[in-house]
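Q: My file is start16.cif. It has mmCIF, C-alpha atoms:
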```cif
data_protein
loop_
_atom_site.label_atom_id
_atom_site.label_comp_id
_atom_site.auth_asym_id
_atom_site.auth_seq_id
_atom_site.Cartn_x
_atom_site.Cartn_y
_atom_site.Cartn_z
CA GLY A 151 -60.73 29.83 -152.85
CA GLN A 152 -61.91 26.81 -154.71
CA SER A 153 -60.69 23.23 -154.32
CA LEU A 154 -61.83 19.73 -155.05
CA GLU A 155 -60.18 16.57 -153.76
CA GLN A 156 -60.85 12.92 -154.44
CA PRO A 157 -58.43 9.98 -154.61
CA SER A 158 -56.80 9.52 -157.97
CA GLU A 159 -57.15 5.74 -157.92
CA VAL A 160 -58.99 3.09 -155.94
CA THR A 161 -58.78 -0.69 -156.31
CA ALA A 162 -61.43 -3.13 -155.12
CA VAL A 163 -62.47 -6.72 -155.63
CA GLU A 164 -65.46 -7.86 -157.63
CA GLY A 165 -68.49 -8.30 -155.39
CA ALA A 166 -67.11 -6.01 -152.69
CA ILE A 167 -68.11 -2.51 -151.59
CA VAL A 168 -66.07 0.61 -152.30
CA GLN A 169 -66.42 4.19 -151.13
CA ILE A 170 -65.01 7.14 -153.06
CA ASN A 171 -64.64 10.25 -150.93
CA CYS A 172 -64.80 13.83 -152.07
CA THR A 173 -64.05 17.07 -150.30
CA TYR A 174 -64.67 20.40 -151.90
CA GLN A 175 -64.46 24.07 -151.21
CA THR A 176 -66.37 26.46 -153.37
CA SER A 177 -68.50 29.54 -153.02
CA GLY A 178 -72.09 29.49 -154.15
CA PHE A 179 -72.36 25.72 -153.60
CA TYR A 180 -75.82 24.28 -154.31
CA GLY A 181 -75.35 20.53 -154.68
CA LEU A 182 -73.03 17.63 -155.42
CA SER A 183 -73.24 15.43 -158.50
CA TRP A 184 -71.44 12.23 -159.37
CA TYR A 185 -70.60 11.09 -162.86
CA GLN A 186 -69.14 7.91 -164.28
CA GLN A 187 -66.93 7.80 -167.34
CA HIS A 188 -65.64 4.69 -169.06
CA ASP A 189 -62.49 4.90 -171.16
CA GLY A 190 -63.28 6.52 -174.46
CA GLY A 191 -66.83 7.26 -173.39
CA ALA A 192 -68.84 10.25 -172.27
CA PRO A 193 -69.55 11.13 -168.64
CA THR A 194 -72.80 9.61 -167.43
CA PHE A 195 -74.84 11.12 -164.62
CA LEU A 196 -75.09 8.86 -161.56
CA SER A 197 -76.58 10.86 -158.71
CA TYR A 198 -77.18 14.29 -157.24
CA ASN A 199 -77.40 15.46 -153.62
CA ALA A 200 -78.86 18.87 -152.92
CA LEU A 201 -79.50 18.18 -149.25
CA ASP A 202 -77.55 16.43 -146.52
CA GLY A 203 -77.98 12.71 -146.32
CA LEU A 204 -77.94 9.59 -148.40
CA GLU A 205 -79.43 9.09 -151.85
CA GLU A 206 -79.73 5.51 -153.06
CA THR A 207 -80.05 4.39 -156.65
CA GLY A 208 -79.73 0.65 -157.02
CA ARG A 209 -76.20 -0.46 -156.25
CA PHE A 210 -74.99 3.14 -156.00
CA SER A 211 -75.51 5.51 -153.09
CA SER A 212 -74.27 9.04 -152.63
CA PHE A 213 -73.91 11.02 -149.43
CA LEU A 214 -73.53 14.71 -148.73
CA SER A 215 -72.64 16.72 -145.65
CA ARG A 216 -72.83 20.39 -146.50
CA SER A 217 -71.43 21.48 -143.14
CA ASP A 218 -68.32 19.35 -143.72
CA SER A 219 -68.07 20.11 -147.45
CA TYR A 220 -67.80 16.38 -147.89
CA GLY A 221 -69.50 13.69 -149.89
CA TYR A 222 -68.96 10.14 -150.99
CA LEU A 223 -70.11 7.66 -153.57
CA LEU A 224 -70.72 4.12 -152.39
CA LEU A 225 -70.73 1.29 -154.88
CA GLN A 226 -72.00 -2.09 -153.72
CA GLU A 227 -71.77 -5.56 -155.24
CA LEU A 228 -69.03 -4.38 -157.54
CA GLN A 229 -69.04 -5.70 -161.08
CA MET A 230 -66.25 -5.64 -163.62
CA LYS A 231 -68.25 -3.16 -165.69
CA ASP A 232 -67.92 -0.67 -162.82
CA SER A 233 -64.27 -0.18 -163.77
CA ALA A 234 -64.30 3.45 -164.81
CA SER A 235 -63.47 6.96 -163.64
CA TYR A 236 -65.82 8.61 -161.18
CA PHE A 237 -66.12 12.36 -160.92
CA CYS A 238 -67.32 14.26 -157.91
CA ALA A 239 -68.77 17.50 -159.23
CA PRO A 240 -69.88 20.29 -156.91
CA GLY A 241 -72.29 22.76 -158.40
CA ARG A 242 -71.71 26.44 -157.85
CA ASP A 243 -73.54 29.44 -159.20
CA ASP A 244 -74.22 28.55 -162.79
CA LYS A 245 -71.94 25.60 -163.42
CA ILE A 246 -70.60 22.29 -162.19
CA ILE A 247 -66.93 21.89 -161.31
CA PHE A 248 -65.17 18.72 -162.39
CA GLY A 249 -61.85 17.51 -161.03
CA LYS A 250 -59.58 14.80 -162.39
CA GLY A 251 -61.76 12.03 -161.00
CA THR A 252 -61.07 8.72 -159.31
CA ARG A 253 -60.06 5.77 -161.42
CA LEU A 254 -61.67 2.61 -160.03
CA HIS A 255 -59.95 -0.67 -160.77
CA ILE A 256 -61.90 -3.88 -160.15
CA LEU A 257 -60.02 -7.11 -159.53
CA PRO A 258 -61.69 -10.44 -160.29
CA ASN B 270 -86.39 10.93 -176.32
CA ALA B 271 -83.03 11.46 -177.97
CA GLY B 272 -80.12 12.38 -175.77
CA VAL B 273 -77.54 15.06 -176.37
CA MET B 274 -76.15 14.76 -179.87
CA GLN B 275 -72.76 15.87 -181.04
CA ASN B 276 -71.19 15.78 -184.44
CA PRO B 277 -68.86 14.97 -185.82
CA ARG B 278 -67.69 12.24 -183.47
CA HIS B 279 -64.18 12.43 -184.84
CA LEU B 280 -62.60 15.41 -186.55
CA VAL B 281 -59.13 15.66 -188.05
CA ARG B 282 -57.71 19.05 -188.96
CA ARG B 283 -54.31 20.32 -190.04
CA ARG B 284 -52.67 23.13 -188.18
CA GLY B 285 -54.16 26.47 -189.16
CA GLN B 286 -57.53 25.12 -190.24
CA GLU B 287 -60.85 25.77 -188.53
CA ALA B 288 -62.72 23.21 -186.45
CA ARG B 289 -66.46 23.47 -186.01
CA LEU B 290 -68.14 21.26 -183.42
CA ARG B 291 -71.89 20.94 -183.14
CA CYS B 292 -74.13 20.07 -180.22
CA SER B 293 -77.88 19.52 -180.13
CA PRO B 294 -79.20 19.51 -176.56
CA MET B 295 -81.81 17.16 -175.23
CA LYS B 296 -85.36 18.13 -176.04
CA GLY B 297 -86.62 20.70 -173.57
CA HIS B 298 -83.13 21.70 -172.40
CA SER B 299 -82.17 25.32 -172.81
CA HIS B 300 -78.80 25.26 -171.06
CA VAL B 301 -75.70 24.11 -172.96
CA TYR B 302 -72.18 23.64 -171.62
CA TRP B 303 -68.94 22.85 -173.41
CA TYR B 304 -66.02 21.02 -171.80
CA ARG B 305 -62.58 19.97 -172.97
CA GLN B 306 -60.88 16.82 -171.77
CA LEU B 307 -57.26 15.87 -172.33
CA PRO B 308 -56.15 12.23 -171.93
CA GLU B 309 -56.01 11.13 -168.28
CA GLU B 310 -57.39 14.51 -167.23
CA GLY B 311 -60.69 15.76 -165.87
CA LEU B 312 -63.28 17.83 -167.65
CA LYS B 313 -62.39 21.46 -168.00
CA PHE B 314 -65.31 23.87 -168.23
CA MET B 315 -65.17 26.14 -171.25
CA VAL B 316 -68.46 27.97 -171.72
CA TYR B 317 -72.10 28.01 -170.63
CA LEU B 318 -74.79 29.24 -173.01
CA GLN B 319 -78.50 29.67 -173.14
CA LYS B 320 -80.40 30.42 -176.32
CA GLU B 321 -78.75 33.41 -178.02
CA ASN B 322 -76.78 34.24 -174.89
CA ILE B 323 -73.34 33.45 -173.53
CA ILE B 324 -73.81 33.22 -169.77
CA ASP B 325 -70.30 32.29 -168.66
CA GLU B 326 -67.24 32.01 -170.89
CA SER B 327 -64.65 32.09 -168.13
CA GLY B 328 -63.10 28.83 -169.31
CA MET B 329 -62.70 29.82 -172.95
CA PRO B 330 -59.25 30.70 -174.25
CA LYS B 331 -59.16 34.38 -175.10
CA GLU B 332 -58.21 33.82 -178.72
CA ARG B 333 -59.31 31.51 -181.53
CA PHE B 334 -62.22 29.96 -179.59
CA SER B 335 -65.83 31.05 -179.83
CA ALA B 336 -69.21 29.53 -179.09
CA GLU B 337 -72.80 30.26 -179.96
CA PHE B 338 -76.23 28.84 -179.33
CA PRO B 339 -78.59 30.41 -181.86
CA LYS B 340 -82.34 30.63 -181.55
CA GLU B 341 -82.66 27.86 -184.10
CA GLY B 342 -80.22 25.02 -184.59
CA PRO B 343 -77.42 23.46 -182.61
CA SER B 344 -74.81 25.07 -180.43
CA ILE B 345 -71.50 25.53 -182.22
CA LEU B 346 -68.01 25.57 -180.74
CA ARG B 347 -65.60 27.08 -183.24
CA ILE B 348 -61.83 26.85 -183.06
CA GLN B 349 -59.95 28.95 -185.57
CA GLN B 350 -56.38 28.33 -186.70
CA VAL B 351 -56.10 25.10 -184.75
CA VAL B 352 -52.80 24.07 -183.17
CA ARG B 353 -51.64 20.66 -181.98
CA GLY B 354 -52.45 21.60 -178.38
CA ASP B 355 -56.13 21.82 -179.32
CA SER B 356 -56.25 18.04 -179.80
CA ALA B 357 -58.66 16.76 -177.16
CA ALA B 358 -62.12 15.41 -176.59
CA TYR B 359 -64.76 18.12 -176.53
CA PHE B 360 -67.94 17.30 -174.69
CA CYS B 361 -71.20 19.14 -174.76
CA ALA B 362 -73.75 18.82 -171.96
CA SER B 363 -77.27 20.14 -171.60
CA SER B 364 -79.62 20.66 -168.71
CA ALA B 365 -83.10 21.90 -168.02
CA ARG B 366 -81.84 23.82 -165.00
CA THR B 367 -78.36 24.52 -163.68
CA ASP B 368 -78.00 21.23 -161.83
CA THR B 369 -77.98 17.87 -163.55
CA GLN B 370 -76.14 17.93 -166.84
CA TYR B 371 -76.42 15.24 -169.48
CA PHE B 372 -73.46 14.72 -171.76
CA GLY B 373 -73.20 14.01 -175.44
CA PRO B 374 -70.81 11.40 -176.84
CA GLY B 375 -68.12 13.98 -177.50
CA THR B 376 -66.07 15.05 -180.49
CA ARG B 377 -62.50 13.81 -180.66
CA LEU B 378 -60.43 16.48 -182.36
CA THR B 379 -57.05 15.56 -183.75
CA VAL B 380 -54.80 18.27 -185.10
CA LEU B 381 -52.06 17.06 -187.42
#
```
What would the structure in this file look like if it were written as structure tokens?
A:
Amino acid sequence: GQSLEQPSEVTAVEGAIVQINCTYQTSGFYGLSWYQQHDGGAPTFLSYNALDGLEETGRFSSFLSRSDSYGYLLLQELQMKDSASYFCAPGRDDKIIFGKGTRLHILP
Amino acid sequence: NAGVMQNPRHLVRRRGQEARLRCSPMKGHSHVYWYRQLPEEGLKFMVYLQKENIIDESGMPKERFSAEFPKEGPSILRIQQVVRGDSAAYFCASSARTDTQYFGPGTRLTVL
């Protein structure tokens, strides 16, 4: 079967750190992408993990454990502009699977 | 280097009309994907195309919807005889390989 789970909403305080978890189950898996989407905007690519471990890009880091079918996105030094939806997107065969995403609320 | 371009950005159609959405991929990208997004929902895969070929259309409704990516020109998503339920944001994405996809700004279709 195929499944994708991430929390529907997360709330954090400006300046803090937040982790958005993702578990997936899909055949033909080849990597995990993360996308950010602001209200009314288009999804924007954040990071991609093909191998196990941590990938760091500025304030954002993404982690993958293929054996656990698990990944997370870590956002540090949160800013108000980080308020958005974040999509965990496992790649399988010839396409990427998107779920409903996690809505991140940032409190001042 | 221009990103993925979509037009129109907003499209209003009456029930029964045709909607034609265009997507020009990033330069050097030969893979094009179309997604539909309803309010407060995730992105639903519709179709994956390469030049002159439909690779995967498993997410396309069986009727009224079609897509093409000709040798020359943009990819086109065509919706015939639109109904109110077709109102959504339609995003196009392109990639050089089947991993990282880059999205266009989307077309917001409203069916009256």
Q: Output the contact residues of chain A with respect to chain B at a cut-off of 6 Å, based on only C-alpha atoms, as a VMD selection string.
A: chain A and resid 192 244 248 to 250
Q: Create the file for the chosen residues now, containing C-alpha atoms and written as a PDB file, in the coordinates of the input.
A:
```pdb
ATOM      1  CA  ALA A 192     -68.840  10.250-172.270  1.00  0.00           C
ATOM      2  CA  ASP A 244     -74.220  28.550-162.790  1.00  0.00           C
ATOM      3  CA  PHE A 248     -65.170  18.720-162.390  1.00  0.00           C
ATOM      4  CA  GLY A 249     -61.850  17.510-161.030  1.00  0.00           C
ATOM      5  CA  LYS A 250     -59.580  14.800-162.390  1.00  0.00           C
TER       6      LYS A 250
END
```
Q: Excluding same-chain residues fewer than 6 positions from range 273-276 of chain B, what lies within 6 Å of it counting all atoms listed in the file, as a PDB file with C-alpha atoms, keeping the file's coordinate frame?
A:
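Just written: part27.pdb:
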```
ATOM      1  CA  ARG B 291     -71.890  20.940-183.140  1.00  0.00           C
ATOM      2  CA  CYS B 292     -74.130  20.070-180.220  1.00  0.00           C
ATOM      3  CA  SER B 293     -77.880  19.520-180.130  1.00  0.00           C
ATOM      4  CA  PRO B 294     -79.200  19.510-176.560  1.00  0.00           C
ATOM      5  CA  MET B 295     -81.810  17.160-175.230  1.00  0.00           C
ATOM      6  CA  GLY B 373     -73.200  14.010-175.440  1.00  0.00           C
TER       7      GLY B 373
END
```
Q: With all atoms listed in the file as the basis for distance, which of A:Ser235, A:Val160, A:Gly190, A:Ser217 is at the shortest distance from Asp202 in chain A?
A: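 For Asp202 in chain A, the nearest of the given residues is A:Ser217.
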Q: So, counting all atoms listed in the file, which residue among B:Gly297, B:Gly285, B:Gly272, B:Pro330 is closest to Val352 in chain B?
A: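 Smallest separation from Val352 in chain B among the options: B:Gly285.
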Q: Can you tell me, as a list in words, what residues are no more than 9 Å from range 319-323 of chain B when counting all atoms listed in the file, ignoring any on the same chain fewer than 2 positions away?
A: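 Counting all atoms listed in the file, the residues come to Ser299, His300, Val301, Tyr302, Val316, Tyr317, Asp325, Glu326, Ala336, Glu337, Phe338, Pro339, Lys340, Glu341 and Ser344 of chain B.
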Q: Between B:His298, B:Arg353, B:Arg284, B:Lys331, which is the closest to Leu318 in chain B once you count all atoms listed in the file?
A: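 Under the stated criterion, the closest residue is B:His298.
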Q: Here's a test: counting all atoms listed in the file, identify every protein, DNA and RNA residue with an atom at most 6 Å from (-74.0, 9.6, -149.2) in the file's coordinate frame, and state them as a CSV table (one decimal) with C-alpha atoms, keeping the file's coordinate frame.
A:
```csv
chain,number,residue,atom,x,y,z
A,203,GLY,CA,-78.0,12.7,-146.3
A,204,LEU,CA,-77.9,9.6,-148.4
A,211,SER,CA,-75.5,5.5,-153.1
A,212,SER,CA,-74.3,9.0,-152.6
A,213,PHE,CA,-73.9,11.0,-149.4
A,214,LEU,CA,-73.5,14.7,-148.7
A,222,TYR,CA,-69.0,10.1,-151.0
```
Q: Report as an mmCIF file with C-alpha atoms, in the coordinates of the input the full result of the PyMOL selection byres ((chain B and resi 350) around 6) when it is applied to this structure.
A:
```cif
data_model
loop_
_atom_site.group_PDB
_atom_site.id
_atom_site.type_symbol
_atom_site.label_atom_id
_atom_site.label_comp_id
_atom_site.auth_asym_id
_atom_site.auth_seq_id
_atom_site.Cartn_x
_atom_site.Cartn_y
_atom_site.Cartn_z
ATOM 1 C CA GLY B 285 -54.160 26.470 -189.160
ATOM 2 C CA GLN B 286 -57.530 25.120 -190.240
ATOM 3 C CA GLU B 287 -60.850 25.770 -188.530
ATOM 4 C CA GLN B 349 -59.950 28.950 -185.570
ATOM 5 C CA VAL B 351 -56.100 25.100 -184.750
#
```
Q: Please measure the separation of CA of Gln152 in chain A and CA of Tyr174 in chain A, giving the value in Å to one decimal.
A: 7.5 Å
Q: Using only C-alpha atoms, which residue out of A:Ile246, A:Asp232, A:Thr252, A:Asn199 lies closest to Gly181 in chain A?
A: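 Going through A:Ile246, A:Asp232, A:Thr252, A:Asn199 one by one, the smallest distance to Gly181 in chain A is for A:Asn199.
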Q: Return as a PyMOL selection string the set of residues that the PyMOL selection byres ((chain B and resi 356) around 6) yields on the displayed structure.
A: chain B and resi 353-355+357+378-380
Q: Can you spell out as an mmCIF file with C-alpha atoms, in the coordinates of the input the set of residues that the PyMOL selection byres ((chain A and resi 176) around 8) selects in the structure I just provided?
A:
```cif
data_model
loop_
_atom_site.group_PDB
_atom_site.id
_atom_site.type_symbol
_atom_site.label_atom_id
_atom_site.label_comp_id
_atom_site.auth_asym_id
_atom_site.auth_seq_id
_atom_site.Cartn_x
_atom_site.Cartn_y
_atom_site.Cartn_z
ATOM 1 C CA GLY A 151 -60.730 29.830 -152.850
ATOM 2 C CA GLN A 152 -61.910 26.810 -154.710
ATOM 3 C CA SER A 153 -60.690 23.230 -154.320
ATOM 4 C CA TYR A 174 -64.670 20.400 -151.900
ATOM 5 C CA GLN A 175 -64.460 24.070 -151.210
ATOM 6 C CA SER A 177 -68.500 29.540 -153.020
ATOM 7 C CA GLY A 178 -72.090 29.490 -154.150
ATOM 8 C CA PHE A 179 -72.360 25.720 -153.600
ATOM 9 C CA PRO A 240 -69.880 20.290 -156.910
ATOM 10 C CA ARG A 242 -71.710 26.440 -157.850
#
```
Q: Suppose you want the space between CA of Lys296 in chain B and CA of Gly328 in chain B; what is it in Å?
A: 25.6 Å
Q: Just want the 9 Å neighbourhood of Gln226 in chain A, counted on all atoms listed in the file, with same-chain residues fewer than 5 positions away dropped. Output as a ChimeraX atom specification.
A: /A:165-169,208-211
Q: Rounded to one decimal place, report the CA of Ala239 in chain A-CA of His279 in chain B distance in Å.
A: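 Separation between CA of Ala239 in chain A and CA of His279 in chain B: 26.5 Å.
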